$ cat entry.cif   # mmCIF, C-alpha atoms
data_data
loop_
_atom_site.label_atom_id
_atom_site.label_comp_id
_atom_site.auth_asym_id
_atom_site.auth_seq_id
_atom_site.Cartn_x
_atom_site.Cartn_y
_atom_site.Cartn_z
CA MET A 1 44.32 115.41 218.39
CA PRO A 2 47.62 113.58 218.81
CA PRO A 3 47.55 110.82 221.45
CA PHE A 4 48.77 111.62 224.92
CA ASP A 5 51.85 109.85 226.28
CA ALA A 6 50.27 107.54 228.85
CA ARG A 7 53.56 106.76 230.59
CA ALA A 8 54.43 110.45 230.95
CA GLU A 9 50.92 111.23 232.22
CA LEU A 10 51.13 108.41 234.79
CA GLY A 11 54.48 109.84 235.92
CA ALA A 12 52.89 113.27 236.24
CA LEU A 13 50.04 111.77 238.27
CA SER A 14 52.57 110.11 240.56
CA ALA A 15 54.23 113.51 241.12
CA LEU A 16 50.82 115.01 241.89
CA TYR A 17 50.35 112.35 244.56
CA ASP A 18 53.56 113.71 246.11
CA SER A 19 51.85 117.12 246.23
CA VAL A 20 48.87 115.55 248.00
CA ASP A 21 51.30 114.09 250.55
CA VAL A 22 52.81 117.52 251.15
CA LEU A 23 49.40 119.10 251.72
CA LEU A 24 48.37 116.31 254.08
CA ARG A 25 51.31 117.21 256.35
CA LEU A 26 49.73 120.60 257.03
CA ASP A 27 47.82 121.33 260.22
CA PRO A 28 44.63 119.21 260.08
CA GLU A 29 42.55 122.11 261.41
CA ARG A 30 43.73 124.22 258.49
CA LEU A 31 42.93 121.46 256.00
CA MET A 32 39.37 121.16 257.36
CA ARG A 33 38.57 124.85 257.03
CA VAL A 34 36.00 125.80 254.39
CA VAL A 35 36.42 129.10 252.56
CA PRO A 36 33.06 129.58 250.78
CA ALA A 37 34.45 132.30 248.49
CA SER A 38 36.68 129.61 246.95
CA SER A 39 34.78 126.37 247.36
CA GLY A 40 32.07 124.61 249.30
CA TRP A 41 34.65 121.96 250.19
CA CYS A 42 37.64 122.29 252.48
CA ALA A 43 41.11 121.42 251.14
CA GLU A 44 40.97 117.99 252.76
CA GLN A 45 37.70 117.21 250.93
CA HIS A 46 39.31 118.16 247.61
CA LEU A 47 42.17 115.76 248.37
CA ALA A 48 39.70 113.02 249.32
CA HIS A 49 37.74 113.62 246.13
CA VAL A 50 40.76 113.26 243.84
CA THR A 51 41.96 110.11 245.57
CA LEU A 52 38.47 108.57 245.25
CA ALA A 53 38.10 109.70 241.62
CA ASN A 54 41.60 108.46 240.77
CA GLU A 55 40.73 105.05 242.15
CA LEU A 56 38.17 104.80 239.34
CA VAL A 57 40.47 106.44 236.78
CA LEU A 58 43.27 103.98 237.56
CA ARG A 59 40.86 101.04 237.48
CA ASN A 60 39.66 102.18 234.04
CA ILE A 61 43.25 102.47 232.81
CA ALA A 62 44.03 98.96 234.11
CA SER A 63 40.93 97.58 232.36
CA LEU A 64 41.90 99.23 229.09
CA ALA A 65 45.49 98.00 229.40
CA SER A 66 44.30 94.42 229.89
CA GLY A 67 41.51 94.70 227.33
CA ARG A 68 39.05 93.30 229.87
CA GLY A 69 36.23 94.93 231.78
CA VAL A 70 32.48 95.40 231.72
CA LEU A 71 32.74 99.12 230.94
CA ILE A 72 34.85 98.74 227.78
CA VAL A 73 33.34 99.80 224.47
CA ARG A 74 34.86 99.76 220.99
CA GLY A 75 35.22 103.10 219.28
CA GLY A 76 33.33 106.28 219.93
CA VAL A 77 34.34 109.90 220.08
CA PRO A 78 34.73 111.99 223.22
CA HIS A 79 32.56 115.06 223.68
CA PRO A 80 34.17 118.05 221.88
CA LYS A 81 34.51 119.92 225.19
CA ALA A 82 36.32 116.88 226.58
CA LEU A 83 39.00 117.16 223.95
CA GLN A 84 39.41 120.84 224.76
CA VAL A 85 39.75 120.06 228.49
CA LEU A 86 42.33 117.35 227.81
CA GLU A 87 44.33 119.46 225.36
CA THR A 88 44.36 122.66 227.43
CA GLY A 89 44.67 120.89 230.76
CA ARG A 90 42.01 123.18 232.24
CA ILE A 91 38.64 122.22 233.68
CA PRO A 92 36.19 125.14 233.89
CA ARG A 93 35.21 125.77 237.49
CA GLY A 94 31.66 125.42 238.67
CA GLU A 95 30.28 123.72 235.56
CA ALA A 96 30.05 120.15 236.85
CA THR A 97 29.12 118.37 240.04
CA ALA A 98 31.09 115.40 241.33
CA PRO A 99 29.21 112.12 240.95
CA ARG A 100 27.91 110.80 244.26
CA MET A 101 30.35 107.88 244.31
CA VAL A 102 33.37 110.22 244.43
CA ARG A 103 31.97 112.99 246.62
CA PRO A 104 34.02 113.31 249.77
CA PRO A 105 32.39 112.75 253.13
CA GLU A 106 31.51 115.82 255.17
CA LYS A 107 34.17 114.81 257.70
CA VAL A 108 37.13 113.09 256.08
CA GLN A 109 38.71 110.31 258.11
CA ARG A 110 42.43 110.87 257.78
CA GLU A 111 43.23 107.13 258.03
CA LEU A 112 40.91 106.37 255.10
CA LEU A 113 42.37 109.19 253.05
CA ALA A 114 45.89 107.87 253.71
CA GLN A 115 44.73 104.39 252.64
CA TRP A 116 43.11 105.74 249.45
CA LEU A 117 46.34 107.54 248.63
CA ALA A 118 48.44 104.41 249.29
CA ASP A 119 46.09 102.32 247.15
CA GLY A 120 46.40 104.87 244.34
CA ARG A 121 50.19 104.81 244.53
CA ARG A 122 50.16 101.01 244.36
CA ALA A 123 47.87 101.06 241.31
CA LEU A 124 50.08 103.69 239.67
CA GLY A 125 53.15 101.53 240.27
CA GLU A 126 51.46 98.53 238.64
CA LEU A 127 50.49 100.62 235.60
CA LEU A 128 53.96 102.12 235.27
CA ALA A 129 55.40 98.59 235.25
CA LEU A 130 53.42 97.70 232.10
CA ASP A 131 55.16 97.66 228.73
CA ASP A 132 54.56 100.48 226.26
CA ALA A 133 52.27 98.35 224.06
CA ALA A 134 49.80 97.96 226.94
CA LEU A 135 49.70 101.75 227.40
CA ALA A 136 49.17 102.55 223.71
CA PRO A 137 45.99 104.08 222.31
CA SER A 138 43.50 101.64 220.82
CA GLU A 139 39.88 101.38 219.73
CA LEU A 140 39.02 100.25 223.28
CA LYS A 141 37.43 102.98 225.38
CA ILE A 142 35.58 103.47 228.61
CA PRO A 143 32.93 106.21 228.76
CA HIS A 144 33.30 109.04 231.26
CA GLN A 145 29.92 110.31 232.48
CA LEU A 146 30.51 113.80 231.06
CA LEU A 147 33.42 113.51 228.66
CA GLY A 148 32.25 110.49 226.68
CA PRO A 149 34.35 107.50 225.59
CA LEU A 150 38.06 107.89 226.40
CA ASP A 151 40.93 105.61 225.42
CA LEU A 152 43.76 104.68 227.78
CA PRO A 153 46.01 107.70 227.10
CA GLN A 154 43.01 110.03 227.38
CA TRP A 155 42.09 108.53 230.76
CA THR A 156 45.67 109.07 231.97
CA ARG A 157 45.50 112.68 230.80
CA PHE A 158 42.13 113.15 232.51
CA GLY A 159 43.58 111.84 235.79
CA VAL A 160 46.34 114.46 235.65
CA VAL A 161 44.09 117.35 234.57
CA HIS A 162 41.43 116.53 237.16
CA THR A 163 43.97 116.12 239.97
CA ARG A 164 45.71 119.41 239.11
CA HIS A 165 42.32 121.14 239.05
CA HIS A 166 41.43 120.03 242.57
CA LEU A 167 44.93 120.58 243.96
CA ALA A 168 44.78 124.17 242.68
CA ILE A 169 41.42 124.69 244.40
CA ALA A 170 42.72 123.11 247.62
CA GLU A 171 45.76 125.39 247.53
CA GLU A 172 43.50 128.39 246.90
CA VAL A 173 41.34 127.44 249.89
CA LEU A 174 44.46 127.05 252.04
CA GLY A 175 45.83 130.37 250.81
CA GLU A 176 42.63 132.20 251.57
CA ALA A 177 42.36 130.50 254.93
CA SER A 178 45.88 131.70 255.70
CA ALA A 179 45.03 135.27 254.66
CA GLU A 180 41.94 135.20 256.87
CA ARG A 181 43.99 133.98 259.81
CA ARG A 182 46.58 136.73 259.30
CA GLY A 183 43.78 139.32 259.38
CA THR A 184 42.16 137.78 262.46
CA PRO A 185 44.83 137.20 265.13
CA TRP A 186 42.55 135.44 267.63
CA LEU A 187 42.15 132.51 265.20
CA GLY A 188 45.76 131.56 265.81
#
$ encode --input "entry.cif" --output "structure tokens"
Amino acid sequence: MPPFDARAELGALSALYDSVDVLLRLDPERLMRVVPASSGWCAEQHLAHVTLANELVLRNIASLASGRGVLIVRGGVPHPKALQVLETGRIPRGEATAPRMVRPPEKVQRELLAQWLADGRRALGELLALDDAALAPSELKIPHQLLGPLDLPQWTRFGVVHTRHHLAIAEEVLGEASAERRGTPWLG
């Protein structure tokens, strides 16, 4: 598998954060609506999940770029399914459960979500300011709990793929919520 372009992936992740911003401007009541046929989480919970998960992703990328961190290992091969996910850019739905540390709260506090998003943007900016050598693939890796050891470009790719996955589900939930509202006029 050829290495991913870490700088391009970080740029793509930054653009995805713009999409999160757009969704967060929607009616909060709409964002909090759960559509069980699509997901057990509302759109706002999907957005909270990706911002929490990306906090860890960006921290891992920063550790790999600096070559320092307690989670760093030398060498190792990602799980074969991980490579398929990274190459295709598609995460199969319903096959994994979010680790407890990145599960969104039942009721998302909008101020916290805005802060998580701002923190993510700041971390992205710091990573984008690094030189190309710091963003290059190396033998240094950090294990993902399901995907196995990933190098820096693979972590950047995972951040993009995972964020797109949850944005698509959030948009599906919002779309279905809109269709339900159109069919039920008393809901507004």
$ resolve_selection --input "entry.cif" --expression "the PyMOL selection byres ((chain A and resi 91) around 10)" --output "list in words"
Lys81, Ala82, Gln84, Val85, Leu86, Thr88, Gly89, Arg90, Pro92, Arg93, Gly94, Glu95, Ala96, Phe158, Val161, His162, Arg164, His165 and His166 of chain A
$ residues_around --input "entry.cif" --residues "Asp5 (chain A)" --least-positions-apart "6" --cutoff "9 Å" --atoms "all atoms listed in the file" --output "PyMOL selection string"
chain A and resi 135-136+153-154+156-157
$ closest_residue --input "entry.cif" --among "A:Glu44, A:Asp132, A:Asp151, A:Asp119" --to "Leu26 (chain A)" --atoms "all atoms listed in the file"
A:Glu44
$ closest_residue --input "entry.cif" --among "A:Ser66, A:Gln115, A:Ser138, A:Gln145" --to "Leu52 (chain A)" --atoms "all atoms listed in the file"
A:Gln115
$ closest_residue --input "entry.cif" --among "A:Lys107, A:Lys141, A:Arg100, A:Arg59" --to "Ala43 (chain A)" --atoms "only C-alpha atoms"
A:Lys107
$ resolve_selection --input "entry.cif" --expression "the PyMOL selection byres ((chain A and resi 76) around 9)" --output "list of chain:residue names"
A:Val73, A:Arg74, A:Gly75, A:Val77, A:Pro78, A:Glu139, A:Leu140, A:Lys141, A:Pro143, A:Gly148, A:Pro149, A:Leu150
$ resolve_selection --input "entry.cif" --expression "the PyMOL selection byres ((chain A and resi 109) around 12)" --output "PyMOL selection string"
chain A and resi 28+32+44-45+47-48+104-108+110-116
$ closest_residue --input "entry.cif" --among "A:Asn60, A:Arg121, A:Gly11, A:His46" --to "Ala170 (chain A)" --atoms "only C-alpha atoms"
A:His46
$ build_atoms --input "entry.cif" --residues "region 27-38 of chain A" --atoms "all heavy atoms" --output "PDB file, keeping the file's coordinate frame"
ATOM      1  N   ASP A  27      48.672 121.381 259.029  1.00  0.00           N
ATOM      2  CA  ASP A  27      47.820 121.330 260.220  1.00  0.00           C
ATOM      3  C   ASP A  27      46.425 120.842 259.828  1.00  0.00           C
ATOM      4  O   ASP A  27      45.774 121.451 258.973  1.00  0.00           O
ATOM      5  CB  ASP A  27      47.761 122.737 260.820  1.00  0.00           C
ATOM      6  CG  ASP A  27      46.821 122.849 261.989  1.00  0.00           C
ATOM      7  OD1 ASP A  27      46.448 121.817 262.584  1.00  0.00           O
ATOM      8  OD2 ASP A  27      46.443 123.994 262.315  1.00  0.00           O
ATOM      9  N   PRO A  28      45.946 119.745 260.434  1.00  0.00           N
ATOM     10  CA  PRO A  28      44.630 119.210 260.080  1.00  0.00           C
ATOM     11  C   PRO A  28      43.497 120.228 260.224  1.00  0.00           C
ATOM     12  O   PRO A  28      42.570 120.249 259.422  1.00  0.00           O
ATOM     13  CB  PRO A  28      44.436 118.047 261.057  1.00  0.00           C
ATOM     14  CG  PRO A  28      45.812 117.639 261.427  1.00  0.00           C
ATOM     15  CD  PRO A  28      46.637 118.900 261.407  1.00  0.00           C
ATOM     16  N   GLU A  29      43.595 121.085 261.227  1.00  0.00           N
ATOM     17  CA  GLU A  29      42.550 122.110 261.410  1.00  0.00           C
ATOM     18  C   GLU A  29      42.501 123.039 260.192  1.00  0.00           C
ATOM     19  O   GLU A  29      41.427 123.437 259.742  1.00  0.00           O
ATOM     20  CB  GLU A  29      42.840 122.909 262.682  1.00  0.00           C
ATOM     21  CG  GLU A  29      41.747 123.903 263.022  1.00  0.00           C
ATOM     22  CD  GLU A  29      42.062 124.632 264.309  1.00  0.00           C
ATOM     23  OE1 GLU A  29      42.347 123.960 265.323  1.00  0.00           O
ATOM     24  OE2 GLU A  29      42.017 125.883 264.287  1.00  0.00           O
ATOM     25  N   ARG A  30      43.651 123.358 259.678  1.00  0.00           N
ATOM     26  CA  ARG A  30      43.730 124.220 258.490  1.00  0.00           C
ATOM     27  C   ARG A  30      43.152 123.515 257.260  1.00  0.00           C
ATOM     28  O   ARG A  30      42.457 124.117 256.454  1.00  0.00           O
ATOM     29  CB  ARG A  30      45.198 124.594 258.262  1.00  0.00           C
ATOM     30  CG  ARG A  30      45.400 125.615 257.204  1.00  0.00           C
ATOM     31  CD  ARG A  30      46.842 126.070 257.195  1.00  0.00           C
ATOM     32  NE  ARG A  30      47.085 126.798 255.971  1.00  0.00           N
ATOM     33  CZ  ARG A  30      48.222 126.830 255.329  1.00  0.00           C
ATOM     34  NH1 ARG A  30      49.262 126.197 255.814  1.00  0.00           N
ATOM     35  NH2 ARG A  30      48.344 127.509 254.222  1.00  0.00           N
ATOM     36  N   LEU A  31      43.427 122.232 257.133  1.00  0.00           N
ATOM     37  CA  LEU A  31      42.930 121.460 256.000  1.00  0.00           C
ATOM     38  C   LEU A  31      41.410 121.300 256.024  1.00  0.00           C
ATOM     39  O   LEU A  31      40.786 121.120 254.988  1.00  0.00           O
ATOM     40  CB  LEU A  31      43.580 120.082 255.958  1.00  0.00           C
ATOM     41  CG  LEU A  31      45.019 120.031 255.499  1.00  0.00           C
ATOM     42  CD1 LEU A  31      45.623 118.666 255.791  1.00  0.00           C
ATOM     43  CD2 LEU A  31      45.120 120.354 254.022  1.00  0.00           C
ATOM     44  N   MET A  32      40.814 121.360 257.218  1.00  0.00           N
ATOM     45  CA  MET A  32      39.370 121.160 257.360  1.00  0.00           C
ATOM     46  C   MET A  32      38.560 122.452 257.242  1.00  0.00           C
ATOM     47  O   MET A  32      37.352 122.426 257.295  1.00  0.00           O
ATOM     48  CB  MET A  32      39.064 120.493 258.704  1.00  0.00           C
ATOM     49  CG  MET A  32      39.584 119.079 258.787  1.00  0.00           C
ATOM     50  SD  MET A  32      39.099 118.223 260.306  1.00  0.00           S
ATOM     51  CE  MET A  32      39.975 119.149 261.553  1.00  0.00           C
ATOM     52  N   ARG A  33      39.247 123.546 257.070  1.00  0.00           N
ATOM     53  CA  ARG A  33      38.570 124.850 257.030  1.00  0.00           C
ATOM     54  C   ARG A  33      37.969 125.109 255.661  1.00  0.00           C
ATOM     55  O   ARG A  33      38.629 124.998 254.638  1.00  0.00           O
ATOM     56  CB  ARG A  33      39.597 125.922 257.366  1.00  0.00           C
ATOM     57  CG  ARG A  33      39.002 127.256 257.536  1.00  0.00           C
ATOM     58  CD  ARG A  33      39.529 127.922 258.791  1.00  0.00           C
ATOM     59  NE  ARG A  33      38.858 129.193 258.875  1.00  0.00           N
ATOM     60  CZ  ARG A  33      39.411 130.339 258.566  1.00  0.00           C
ATOM     61  NH1 ARG A  33      40.680 130.387 258.244  1.00  0.00           N
ATOM     62  NH2 ARG A  33      38.715 131.438 258.613  1.00  0.00           N
ATOM     63  N   VAL A  34      36.693 125.470 255.628  1.00  0.00           N
ATOM     64  CA  VAL A  34      36.000 125.800 254.390  1.00  0.00           C
ATOM     65  C   VAL A  34      36.088 127.301 254.164  1.00  0.00           C
ATOM     66  O   VAL A  34      35.905 128.092 255.100  1.00  0.00           O
ATOM     67  CB  VAL A  34      34.526 125.348 254.434  1.00  0.00           C
ATOM     68  CG1 VAL A  34      33.777 125.775 253.181  1.00  0.00           C
ATOM     69  CG2 VAL A  34      34.439 123.843 254.623  1.00  0.00           C
ATOM     70  N   VAL A  35      36.389 127.691 252.944  1.00  0.00           N
ATOM     71  CA  VAL A  35      36.420 129.100 252.560  1.00  0.00           C
ATOM     72  C   VAL A  35      35.392 129.236 251.417  1.00  0.00           C
ATOM     73  O   VAL A  35      35.713 129.009 250.253  1.00  0.00           O
ATOM     74  CB  VAL A  35      37.830 129.539 252.095  1.00  0.00           C
ATOM     75  CG1 VAL A  35      37.832 130.999 251.665  1.00  0.00           C
ATOM     76  CG2 VAL A  35      38.851 129.299 253.198  1.00  0.00           C
ATOM     77  N   PRO A  36      34.141 129.579 251.773  1.00  0.00           N
ATOM     78  CA  PRO A  36      33.060 129.580 250.780  1.00  0.00           C
ATOM     79  C   PRO A  36      33.336 130.436 249.535  1.00  0.00           C
ATOM     80  O   PRO A  36      32.832 130.118 248.464  1.00  0.00           O
ATOM     81  CB  PRO A  36      31.858 130.125 251.560  1.00  0.00           C
ATOM     82  CG  PRO A  36      32.165 129.820 252.987  1.00  0.00           C
ATOM     83  CD  PRO A  36      33.662 129.932 253.110  1.00  0.00           C
ATOM     84  N   ALA A  37      34.142 131.469 249.662  1.00  0.00           N
ATOM     85  CA  ALA A  37      34.450 132.300 248.490  1.00  0.00           C
ATOM     86  C   ALA A  37      35.233 131.509 247.448  1.00  0.00           C
ATOM     87  O   ALA A  37      35.210 131.857 246.265  1.00  0.00           O
ATOM     88  CB  ALA A  37      35.251 133.531 248.918  1.00  0.00           C
ATOM     89  N   SER A  38      35.907 130.437 247.877  1.00  0.00           N
ATOM     90  CA  SER A  38      36.680 129.610 246.950  1.00  0.00           C
ATOM     91  C   SER A  38      35.968 128.317 246.586  1.00  0.00           C
ATOM     92  O   SER A  38      35.995 127.889 245.439  1.00  0.00           O
ATOM     93  CB  SER A  38      38.033 129.245 247.567  1.00  0.00           C
ATOM     94  OG  SER A  38      38.841 130.380 247.652  1.00  0.00           O
TER      95      SER A  38
END
